[in-house]
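Dropping final.txt in here (compact mmCIF, C-alpha atoms):
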```
# COMPACT_ATOMS: atom_id res chain seq x y z
CA MET A 1 150.29 -26.36 127.25
CA GLU A 2 153.07 -24.57 129.15
CA GLN A 3 152.17 -23.47 132.67
CA LYS A 4 151.74 -19.75 133.21
CA LEU A 5 153.44 -17.84 136.01
CA GLU A 6 150.82 -16.28 138.29
CA ILE A 7 151.91 -12.81 139.38
CA LEU A 8 150.84 -10.36 142.08
CA LEU A 9 151.80 -6.74 141.39
CA VAL A 10 152.40 -4.48 144.40
CA GLU A 11 153.10 -1.01 143.01
CA ASP A 12 151.94 2.53 143.79
CA ASP A 13 153.44 4.48 140.87
CA GLU A 14 150.63 4.81 138.34
CA ASN A 15 152.90 4.83 135.29
CA ASP A 16 154.96 1.84 136.45
CA CYS A 17 151.78 0.00 137.35
CA ARG A 18 150.17 0.66 133.97
CA GLU A 19 153.30 -0.39 132.08
CA LEU A 20 153.62 -3.65 134.01
CA ILE A 21 149.94 -4.50 133.54
CA ASN A 22 150.24 -3.84 129.80
CA ALA A 23 153.41 -5.93 129.61
CA VAL A 24 151.67 -8.88 131.26
CA ASP A 25 148.66 -8.48 128.96
CA ASN A 26 151.01 -8.58 125.97
CA ASP A 27 152.54 -11.87 127.10
CA PRO A 28 149.50 -14.06 127.94
CA ASP A 29 151.30 -17.31 127.18
CA ASP A 30 153.78 -16.89 130.03
CA PHE A 31 152.06 -14.75 132.66
CA ILE A 32 148.73 -14.13 134.33
CA LEU A 33 148.08 -11.26 136.75
CA VAL A 34 146.14 -12.48 139.82
CA GLY A 35 146.08 -9.18 141.69
CA VAL A 36 147.21 -5.53 141.77
CA THR A 37 147.49 -3.37 144.89
CA ASN A 38 149.44 -0.44 146.32
CA ASN A 39 148.92 -1.52 149.93
CA SER A 40 151.17 -3.90 151.91
CA VAL A 41 148.34 -5.39 154.00
CA ARG A 42 146.16 -6.06 150.96
CA ALA A 43 149.22 -7.54 149.26
CA PHE A 44 149.62 -10.03 152.09
CA ARG A 45 145.93 -10.95 151.80
CA HIS A 46 146.39 -11.51 148.07
CA VAL A 47 149.24 -13.92 148.81
CA ILE A 48 147.04 -15.81 151.27
CA GLU A 49 143.98 -15.94 149.03
CA ASP A 50 145.40 -16.07 145.49
CA LYS A 51 148.68 -17.93 146.17
CA PRO A 52 150.70 -16.29 143.36
CA ASP A 53 153.90 -17.86 142.08
CA ALA A 54 155.72 -14.52 142.10
CA VAL A 55 155.30 -11.02 143.53
CA ILE A 56 156.64 -7.90 141.81
CA LEU A 57 157.10 -5.70 144.88
CA ASP A 58 157.77 -1.97 144.88
CA LEU A 59 159.74 -1.29 148.06
CA GLU A 60 158.50 2.26 148.68
CA LEU A 61 154.69 2.40 148.25
CA HIS A 62 154.58 6.12 149.08
CA HIS A 63 151.01 6.52 147.80
CA GLY A 64 149.56 3.26 149.07
CA GLY A 65 149.68 1.81 152.56
CA GLY A 66 152.66 0.49 154.48
CA ASP A 67 155.73 -0.34 152.41
CA GLY A 68 157.53 -3.27 150.86
CA MET A 69 159.49 -3.98 154.05
CA ASP A 70 156.21 -4.28 155.98
CA PHE A 71 154.98 -6.81 153.46
CA LEU A 72 158.20 -8.85 153.57
CA LYS A 73 158.25 -8.89 157.36
CA ARG A 74 154.61 -9.94 157.58
CA LEU A 75 155.17 -12.69 155.02
CA GLN A 76 158.19 -13.95 156.94
CA GLU A 77 156.33 -13.96 160.27
CA ALA A 78 153.37 -15.82 158.79
CA ASN A 79 155.62 -18.79 157.99
CA LEU A 80 153.37 -20.01 155.19
CA PRO A 81 153.86 -23.52 153.79
CA ARG A 82 154.75 -21.92 150.46
CA THR A 83 155.88 -18.36 149.79
CA PRO A 84 156.01 -16.77 146.33
CA PHE A 85 159.18 -15.68 144.57
CA ILE A 86 159.71 -12.03 145.55
CA LEU A 87 161.11 -9.72 142.87
CA VAL A 88 161.71 -6.31 144.45
CA THR A 89 161.74 -3.16 142.32
CA THR A 90 162.99 0.03 143.95
CA ASN A 91 164.49 3.48 143.45
CA ASN A 92 166.60 2.91 146.56
CA ILE A 93 170.21 2.02 145.74
CA SER A 94 171.38 1.56 149.34
CA THR A 95 173.22 -1.73 149.81
CA VAL A 96 172.07 -1.72 153.44
CA THR A 97 168.42 -1.46 152.38
CA HIS A 98 168.90 -4.19 149.80
CA GLY A 99 170.55 -6.36 152.44
CA ILE A 100 167.63 -5.91 154.82
CA ALA A 101 165.17 -6.76 152.05
CA ARG A 102 167.08 -9.97 151.32
CA GLU A 103 167.16 -10.83 155.03
CA LEU A 104 163.37 -10.48 155.03
CA GLY A 105 162.96 -12.82 152.09
CA ALA A 106 163.41 -10.85 148.86
CA ASP A 107 164.72 -13.20 146.18
CA TYR A 108 165.99 -10.63 143.67
CA ILE A 109 166.21 -6.84 143.48
CA LEU A 110 165.97 -4.65 140.36
CA THR A 111 166.72 -0.94 140.74
CA LYS A 112 164.48 1.36 138.74
CA ASN A 113 167.16 4.00 138.12
CA LYS A 114 169.13 1.77 135.76
CA GLU A 115 169.00 2.84 132.11
CA ASP A 116 167.80 -0.55 130.92
CA TYR A 117 165.04 -0.86 133.55
CA SER A 118 161.55 -1.27 132.12
CA ALA A 119 158.39 -3.30 132.64
CA LYS A 120 159.61 -5.54 129.85
CA SER A 121 162.95 -6.16 131.60
CA VAL A 122 161.10 -7.13 134.79
CA LEU A 123 159.08 -9.76 132.93
CA GLU A 124 162.12 -10.92 130.97
CA PHE A 125 163.84 -11.72 134.26
CA LEU A 126 160.80 -13.63 135.53
CA LYS A 127 160.63 -15.50 132.24
CA ILE A 128 164.24 -16.62 132.73
CA ALA A 129 163.52 -17.65 136.32
CA LYS A 130 160.15 -19.22 135.51
CA THR A 131 161.29 -22.85 135.43
CA VAL A 132 163.10 -22.51 138.77
CA ILE A 133 160.12 -20.73 140.38
CA LEU A 134 157.64 -23.38 139.29
CA LYS A 135 160.00 -26.19 140.34
CA SER A 136 160.28 -24.59 143.78
CA LYS A 137 156.49 -24.44 143.93
CA SER A 138 156.23 -28.20 143.27
CA GLN A 139 158.85 -28.97 145.90
CA ALA A 140 157.03 -26.81 148.46
CA VAL A 141 153.81 -28.74 147.85
CA VAL A 142 155.63 -32.04 148.46
CA GLN A 143 157.28 -30.70 151.63
CA SER A 144 153.91 -29.46 152.90
CA GLU A 145 152.43 -32.91 152.39
CA GLU A 146 155.33 -34.45 154.34
CA GLU A 147 154.99 -31.97 157.23
CA SER A 148 154.67 -33.69 160.61
CA PRO A 149 151.73 -32.89 162.93
CA THR A 150 154.13 -31.16 165.33
CA GLN A 151 155.61 -29.00 162.59
CA LYS A 152 152.16 -28.10 161.36
CA ALA A 153 151.00 -27.17 164.87
CA LYS A 154 154.01 -24.89 165.35
CA ARG A 155 153.45 -23.26 161.96
CA ILE A 156 149.80 -22.59 162.76
CA GLN A 157 150.70 -21.10 166.14
CA ARG A 158 153.27 -18.78 164.55
CA ARG A 159 150.63 -17.66 162.06
CA ILE A 160 148.13 -16.96 164.85
CA CYS A 161 150.74 -14.94 166.76
CA SER A 162 151.48 -12.94 163.60
CA GLU A 163 147.78 -12.12 163.15
CA LEU A 164 147.32 -11.08 166.78
CA ASN A 165 150.44 -8.91 166.68
CA ALA A 166 149.21 -7.23 163.50
CA VAL A 167 146.04 -5.94 165.18
CA GLY A 168 147.89 -4.88 168.31
CA ILE A 169 146.92 -7.61 170.77
CA SER A 170 149.59 -7.21 173.45
CA GLN A 171 151.75 -10.26 174.12
CA LYS A 172 151.91 -9.12 177.75
CA SER A 173 148.17 -9.43 178.23
CA VAL A 174 146.77 -12.55 179.86
CA GLY A 175 144.22 -12.85 177.09
CA TYR A 176 146.93 -13.18 174.42
CA GLN A 177 147.71 -16.84 175.12
CA TYR A 178 144.05 -17.62 175.76
CA LEU A 179 143.18 -16.29 172.28
CA ILE A 180 145.96 -18.34 170.69
CA ASP A 181 144.61 -21.50 172.33
CA ALA A 182 141.00 -20.67 171.48
CA ILE A 183 141.78 -20.05 167.79
CA THR A 184 143.91 -23.21 167.62
CA ILE A 185 141.10 -25.32 169.07
CA THR A 186 138.49 -23.75 166.80
CA ILE A 187 140.60 -24.41 163.70
CA LYS A 188 140.47 -28.12 164.51
CA GLU A 189 136.81 -28.18 165.53
CA PRO A 190 134.54 -25.47 166.98
CA VAL A 191 133.46 -26.20 170.54
CA THR A 192 130.79 -24.71 172.75
CA ARG A 193 131.88 -22.79 175.83
CA ILE A 194 135.42 -22.28 174.58
CA CYS A 195 136.21 -20.14 177.63
CA ALA A 196 135.40 -23.05 179.92
CA VAL A 197 137.73 -25.31 177.92
CA ILE A 198 140.57 -22.76 178.18
CA GLY A 199 139.81 -22.20 181.84
CA GLU A 200 140.12 -25.91 182.59
CA LYS A 201 143.55 -25.98 180.95
CA TYR A 202 144.88 -23.06 182.97
CA ARG A 203 142.82 -23.73 186.12
CA LYS A 204 140.97 -20.46 185.78
CA THR A 205 137.28 -19.70 185.93
CA GLU A 206 135.30 -19.44 182.71
CA ASN A 207 134.43 -15.82 183.50
CA SER A 208 138.05 -14.80 184.13
CA VAL A 209 139.16 -16.31 180.79
CA GLU A 210 136.33 -14.59 178.95
CA ARG A 211 137.13 -11.28 180.61
CA ALA A 212 140.85 -11.53 179.81
CA MET A 213 140.25 -12.28 176.13
CA GLN A 214 137.70 -9.51 175.68
CA ASN A 215 139.95 -7.04 177.50
CA ALA A 216 142.82 -7.91 175.16
CA ILE A 217 140.60 -7.29 172.13
CA ASN A 218 139.11 -4.08 173.58
CA ARG A 219 142.57 -2.70 174.36
CA ALA A 220 143.76 -3.33 170.81
CA TRP A 221 140.71 -1.58 169.36
CA SER A 222 141.17 1.41 171.65
CA THR A 223 144.92 1.89 171.14
CA SER A 224 145.60 0.85 167.54
CA ASP A 225 145.07 3.12 164.54
CA ILE A 226 141.54 2.23 163.45
CA GLU A 227 142.21 2.43 159.69
CA GLU A 228 145.28 0.22 159.94
CA LEU A 229 143.45 -2.13 162.30
CA LEU A 230 140.55 -2.58 159.89
CA GLU A 231 143.01 -3.35 157.10
CA HIS A 232 143.97 -6.45 159.07
CA TYR A 233 140.58 -7.35 160.53
CA THR A 234 138.10 -7.27 157.66
CA ALA A 235 135.10 -9.04 159.20
CA LYS A 236 131.92 -7.11 159.87
CA ILE A 237 131.67 -6.06 163.51
CA LYS A 238 128.12 -6.59 164.71
CA SER A 239 128.53 -5.15 168.20
CA ASP A 240 127.26 -1.60 168.77
CA LYS A 241 130.50 -0.91 170.62
CA GLY A 242 132.48 -1.24 167.39
CA VAL A 243 134.66 -3.99 168.85
CA PRO A 244 134.55 -7.69 167.90
CA THR A 245 133.10 -10.07 170.44
CA ILE A 246 135.27 -12.99 171.53
CA THR A 247 133.25 -15.39 169.38
CA GLU A 248 133.45 -13.15 166.29
CA PHE A 249 137.18 -12.65 166.75
CA ILE A 250 138.03 -16.31 167.29
CA PHE A 251 135.88 -17.58 164.42
CA TYR A 252 137.21 -14.94 162.02
CA TYR A 253 140.84 -15.94 162.51
CA ALA A 254 140.10 -19.65 162.76
CA GLN A 255 138.37 -19.51 159.38
CA GLN A 256 141.06 -17.32 157.81
CA ILE A 257 143.87 -19.64 158.87
CA LYS A 258 141.95 -22.87 158.23
CA ASN A 259 141.46 -21.79 154.61
CA ASP A 260 145.24 -21.45 154.24
CA ILE A 261 146.37 -24.74 155.74
```
Kindly return the structure encoded in the file as structure tokens.
Amino acid sequence: MEQKLEILLVEDDENDCRELINAVDNDPDDFILVGVTNNSVRAFRHVIEDKPDAVILDLELHHGGGDGMDFLKRLQEANLPRTPFILVTTNNISTVTHGIARELGADYILTKNKEDYSAKSVLEFLKIAKTVILKSKSQAVVQSEEESPTQKAKRIQRRICSELNAVGISQKSVGYQYLIDAITITIKEPVTRICAVIGEKYRKTENSVERAMQNAINRAWSTSDIEELLEHYTAKIKSDKGVPTITEFIFYYAQQIKNDI
């Protein structure tokens, strides 16, 4: 049986969304829809969790959250072992905008204002590209298996940095690097008294490391837009202060990233 192309749809126009969903439903032998969202942060989460082969990405997302550029940038920064084929759909005809989208990782761009644009034409293009997309997927799996420990460590660290930046943890704060190290260690194997372990590495006291990490988290929660912040950090916060504890924060990201590697 021929392999189906797994698609994530990121679209905020209700009519376009409905037409694309119906088009996929009418072609079950070639496509399967693994997710639909109008929000760039949720779209990134879908990529992490569902690992689609291709993303149909509306660049504007006026009625959702963020925009297509946000999604592309976040995907690029995450440096995942395998990224989906990105098919951008947009009303924007600017060559500069299209160039930026390509720089950020868009594989192909279809403009919606063309007379022959339709949900069917979008899927027809993906059907033509299907063999190449699936071949690229197989090659990425092989490359991931051949990844050296050093390459893997660097990729994980870039992913951690991307997650910390997304919630507004300042790179200038002392706690920033401590959190990176703590999450990295916890991904490999959770340890007791993580602050003491970090403190020994940097010749700091356990209390000073703990204080620096919690201050970095507190500052992010007090300065970042709370709705946007909670789009990125989806774990339940048990503290009455409404801010994650160090342990909650470290374990949340360690588990998120461990599931992806």
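Distances to Ile169 (chain A) were evaluated for A:Val197, A:Ala182, A:Ala220, A:Ala129 using only C-alpha atoms, and the minimum falls at A:Ala220.
Remark: for Cys161 (chain A), the closest of the candidate residues A:Lys51, A:Arg18, A:Arg74, A:His46 is A:Arg74 (distances computed over only C-alpha atoms).
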Neighbour list for region 193-195 of chain A as a compact mmCIF listing (two decimals) with C-alpha atoms, in the coordinates of the input, cut-off 8 Å, only C-alpha atoms, skip fewer than 3 positions in-chain:
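And here's selection_31.txt as it stands now:
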```txt
# COMPACT_ATOMS: atom_id res chain seq x y z
CA ALA A 182 141.00 -20.67 171.48
CA ILE A 198 140.57 -22.76 178.18
CA GLY A 199 139.81 -22.20 181.84
CA GLU A 206 135.30 -19.44 182.71
CA ASN A 207 134.43 -15.82 183.50
CA VAL A 209 139.16 -16.31 180.79
CA GLU A 210 136.33 -14.59 178.95
```
Pull the neighbourhood of (148.0, -24.3, 162.6) for me: all residues within 10 Å in file coordinates, counting only C-alpha atoms, as a ChimeraX atom specification.
/A:149-160,183-185,187-188,254,257-258,260-261
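Our summary of the geometry notes that CA of Glu11 (chain A) is positioned 18.0 Å from CA of Thr97 (chain A).
Across the structure, CA of Ser148 (chain A) and CA of Asn79 (chain A) are spaced 15.2 Å apart.
Using only C-alpha atoms for every distance, the candidate list A:Arg211, A:Arg45, A:His98, A:Lys4 yields A:Arg45 as the residue closest to Tyr233 (chain A).
The two atoms in question, CA of Glu124 (chain A) and CA of Asp27 (chain A), are spaced 10.4 Å apart.
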Could region 218-242 of chain A be completed with N, CA and C atoms and written as a compact mmCIF listing (two decimals), in the coordinates of the input, please?
```
# COMPACT_ATOMS: atom_id res chain seq x y z
N ASN A 218 139.55 -5.47 173.36
CA ASN A 218 139.11 -4.08 173.58
C ASN A 218 140.31 -3.12 173.59
N ARG A 219 141.39 -3.55 174.25
CA ARG A 219 142.57 -2.70 174.36
C ARG A 219 143.18 -2.45 172.99
N ALA A 220 143.21 -3.49 172.16
CA ALA A 220 143.76 -3.33 170.81
C ALA A 220 142.93 -2.34 170.00
N TRP A 221 141.60 -2.45 170.13
CA TRP A 221 140.71 -1.58 169.36
C TRP A 221 140.72 -0.13 169.86
N SER A 222 141.14 0.05 171.10
CA SER A 222 141.17 1.41 171.65
C SER A 222 142.52 2.09 171.48
N THR A 223 143.57 1.31 171.24
CA THR A 223 144.92 1.89 171.14
C THR A 223 145.51 1.86 169.73
N SER A 224 145.04 0.95 168.90
CA SER A 224 145.60 0.85 167.54
C SER A 224 144.93 1.86 166.61
N ASP A 225 145.64 2.26 165.56
CA ASP A 225 145.07 3.12 164.54
C ASP A 225 143.92 2.37 163.87
N ILE A 226 142.74 2.95 163.90
CA ILE A 226 141.54 2.23 163.45
C ILE A 226 141.60 1.86 161.97
N GLU A 227 142.14 2.74 161.12
CA GLU A 227 142.21 2.43 159.69
C GLU A 227 143.17 1.27 159.43
N GLU A 228 144.31 1.31 160.11
CA GLU A 228 145.28 0.22 159.94
C GLU A 228 144.72 -1.07 160.51
N LEU A 229 144.03 -0.96 161.65
CA LEU A 229 143.45 -2.13 162.30
C LEU A 229 142.44 -2.82 161.38
N LEU A 230 141.59 -2.02 160.76
CA LEU A 230 140.55 -2.58 159.89
C LEU A 230 141.11 -3.10 158.57
N GLU A 231 142.36 -2.74 158.25
CA GLU A 231 143.01 -3.35 157.10
C GLU A 231 143.31 -4.81 157.39
N HIS A 232 143.62 -5.09 158.67
CA HIS A 232 143.97 -6.45 159.07
C HIS A 232 142.74 -7.27 159.42
N TYR A 233 141.78 -6.64 160.10
CA TYR A 233 140.58 -7.35 160.53
C TYR A 233 139.42 -6.89 159.65
N THR A 234 139.05 -7.70 158.67
CA THR A 234 138.10 -7.27 157.66
C THR A 234 136.68 -7.78 157.87
N ALA A 235 136.45 -8.53 158.94
CA ALA A 235 135.10 -9.04 159.20
C ALA A 235 134.18 -7.92 159.68
N LYS A 236 132.91 -8.08 159.41
CA LYS A 236 131.92 -7.11 159.87
C LYS A 236 131.78 -7.22 161.38
N ILE A 237 131.83 -6.08 162.06
CA ILE A 237 131.67 -6.06 163.51
C ILE A 237 130.22 -5.76 163.85
N LYS A 238 129.56 -6.72 164.45
CA LYS A 238 128.12 -6.59 164.71
C LYS A 238 127.81 -5.82 166.00
N SER A 239 128.76 -5.81 166.92
CA SER A 239 128.53 -5.15 168.20
C SER A 239 128.38 -3.64 168.03
N ASP A 240 127.46 -3.04 168.80
CA ASP A 240 127.26 -1.60 168.77
C ASP A 240 128.48 -0.84 169.29
N LYS A 241 129.32 -1.54 170.04
CA LYS A 241 130.50 -0.91 170.62
C LYS A 241 131.63 -0.75 169.59
N GLY A 242 131.46 -1.36 168.42
CA GLY A 242 132.48 -1.24 167.39
C GLY A 242 133.70 -2.09 167.64
```
